[in-house]
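K.L.:
Sharing a structure here in C-alpha cells format.
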Amino acid sequence: MDHEALIFLHIPKTAGTTLNRIIEWQYSPFEIFTMDPLRIRATPERLERLPEERRRRLRVVRGHVFYGIHECLPQGATYITMLREPVARVLSAYYFILRRPLNPLHWKVKRERLGVEDCLRLFPQRHNLQCRLIAGVQDAAIGDERLLDIAKENLTKSFSVVGISEQFEESLMLMAKTFDWEIPMYKNCKVSKTRPQIDPGTVEMIREYNWLDVELYEFGKGLFEKSLQKKEATVREGLAALRALPTPGTVEGFCKSTLEAGRFFINKIASAI
C-alpha cells in the first residue's frame, strides 16, 4: 500500500526552518522533495514532470508552495503548516529582506531606504501571503472574501495539523504524535534579534493591508486549539519529555550540526537532479 505523502506548506517567517531540520531527521533525504526558493531546479513544475514511480516514492514534499501540489502525487497527501501572527510575520519578513543581499528586494529596499510602510504600499503581491498560499490562489482577481473562504476550507479539509508559531513546541508535539516522529533534541534555528520599536500606526497599517491573514490566523488558532484539546494528555507528556532533554555538549552539538548539514545538502542535490 502506498504511504500517503506529507506536504509541509512552508509559509515564510513562521519558524519553518526549525521544523524543516526536525523533518529531516524523520525521513530519508532521498524521500524528500525540497522546493528551491530561487526556483532554479527543484520547482513545482519539475516535480510534476518527474516519472510517476519517483513521485510515488516521495514521503515528504516541502517548500514555499501554493496549496494544490498534492494533485501530482499519485499516492495521495496530507498537509501541515505553521501560521504566525500577521504583524510579527510581516515585520520579520521586512528585516529578513534587509539582512539578505540575495533577496530579490534587498537592494531596492536598501538603496531607496524603504521603510515598512513604503514596502506595504509598493509590494501588494506580498499582502495576505498566508491566506494566498493556503488558498492556492495566485490570481489577484479572486475576491477577498472568496479567497478567505477557500483558505479556511483547505485548512479544515486538507491539513492534518495547523501549527501556530507562537506555540511552536505544542505544535511540534501535535505533529510528532500525528506522524510518529521521534524528537531526540532540537534547537531554534532562527532566533529573533532585538528590533526597533514599531509605531502603532505602522502596526495598524500592517493589519489593514493583511486583514485576510488576520482573519485566517484567528481561524487557524481555533483549529489548533481543538486539536490540542483532543490530544491534550499525549501532548503534555511529549512536552515534558522534550523539555527534560539535556542540552547537548559542544562535541555532541557539533556532530549533530554536521550530520544535519550533510542530510540537508544530500536532499537538496537529490531534489535538483
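FYI, nothing fancy with the C-alpha cells labels: chains A, B, ... in order, residues from 1 per chain, ligands from 1 as they appear.
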Apply DSSP to the backbone of this structure and, from region 92-251 of chain A, keep only the residues in strand (DSSP E or B); write these as a count of residues only.
P.N.:
6
K.L.:
Neighbours of Ile97 (chain A) within 12 Å (only C-alpha atoms; same-chain residues fewer than 3 positions away dropped), as a PyMOL selection string?
P.N.:
chain A and resi 12-13+90-94+100-110+114-116+119
K.L.:
Give me every alpha helix (DSSP H) residue in region 158-238 of chain A, going by DSSP on the backbone, as a count of residues only.
P.N.:
50
K.L.:
Can you list, as JSON, numbers by chain, every protein, DNA or RNA residue that comes within 12 Å of Phe219 (chain A) when you count only C-alpha atoms, leaving out same-chain residues fewer than 5 positions away?
P.N.:
{"A": [83, 84, 85, 131, 148, 149, 151, 152, 153, 154, 155, 156, 162, 163, 164, 212, 213, 214, 224, 225, 226]}
K.L.:
Measuring between only C-alpha atoms, which one of A:Leu58, A:Cys255, A:Glu169, A:Ala42 shows the shortest distance to Tyr27 (chain A)?
P.N.:
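Comparing A:Leu58, A:Cys255, A:Glu169, A:Ala42 against Tyr27 (chain A), the winner is A:Leu58.
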K.L.:
So that I can check the surroundings of region 52-56 of chain A, please list as a list in words every protein, DNA and RNA residue that reaches within 7 Å of it, counting only C-alpha atoms and ignoring chain neighbours fewer than 4 positions away.
P.N.:
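The filter keeps Leu73, Pro74 and Gln75 of chain A.
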K.L.:
I need the residue nearest Leu122 (chain A) from this list: A:His3, A:Arg49, A:Ala241, A:Tyr209. Use only C-alpha atoms for the distance.
P.N.:
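Result for the nearest residue to Leu122 (chain A): A:Tyr209.
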K.L.:
Take CA of Leu133 (chain A) and CA of Tyr67 (chain A) and report the distance between them in Å, one decimal.
P.N.:
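CA of Tyr67 (chain A) lies at a distance of 6.0 Å from CA of Leu133 (chain A).
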K.L.:
How far is it from CA of Thr250 (chain A) to CA of Met173 (chain A), in Å with one decimal?
P.N.:
26.1 Å
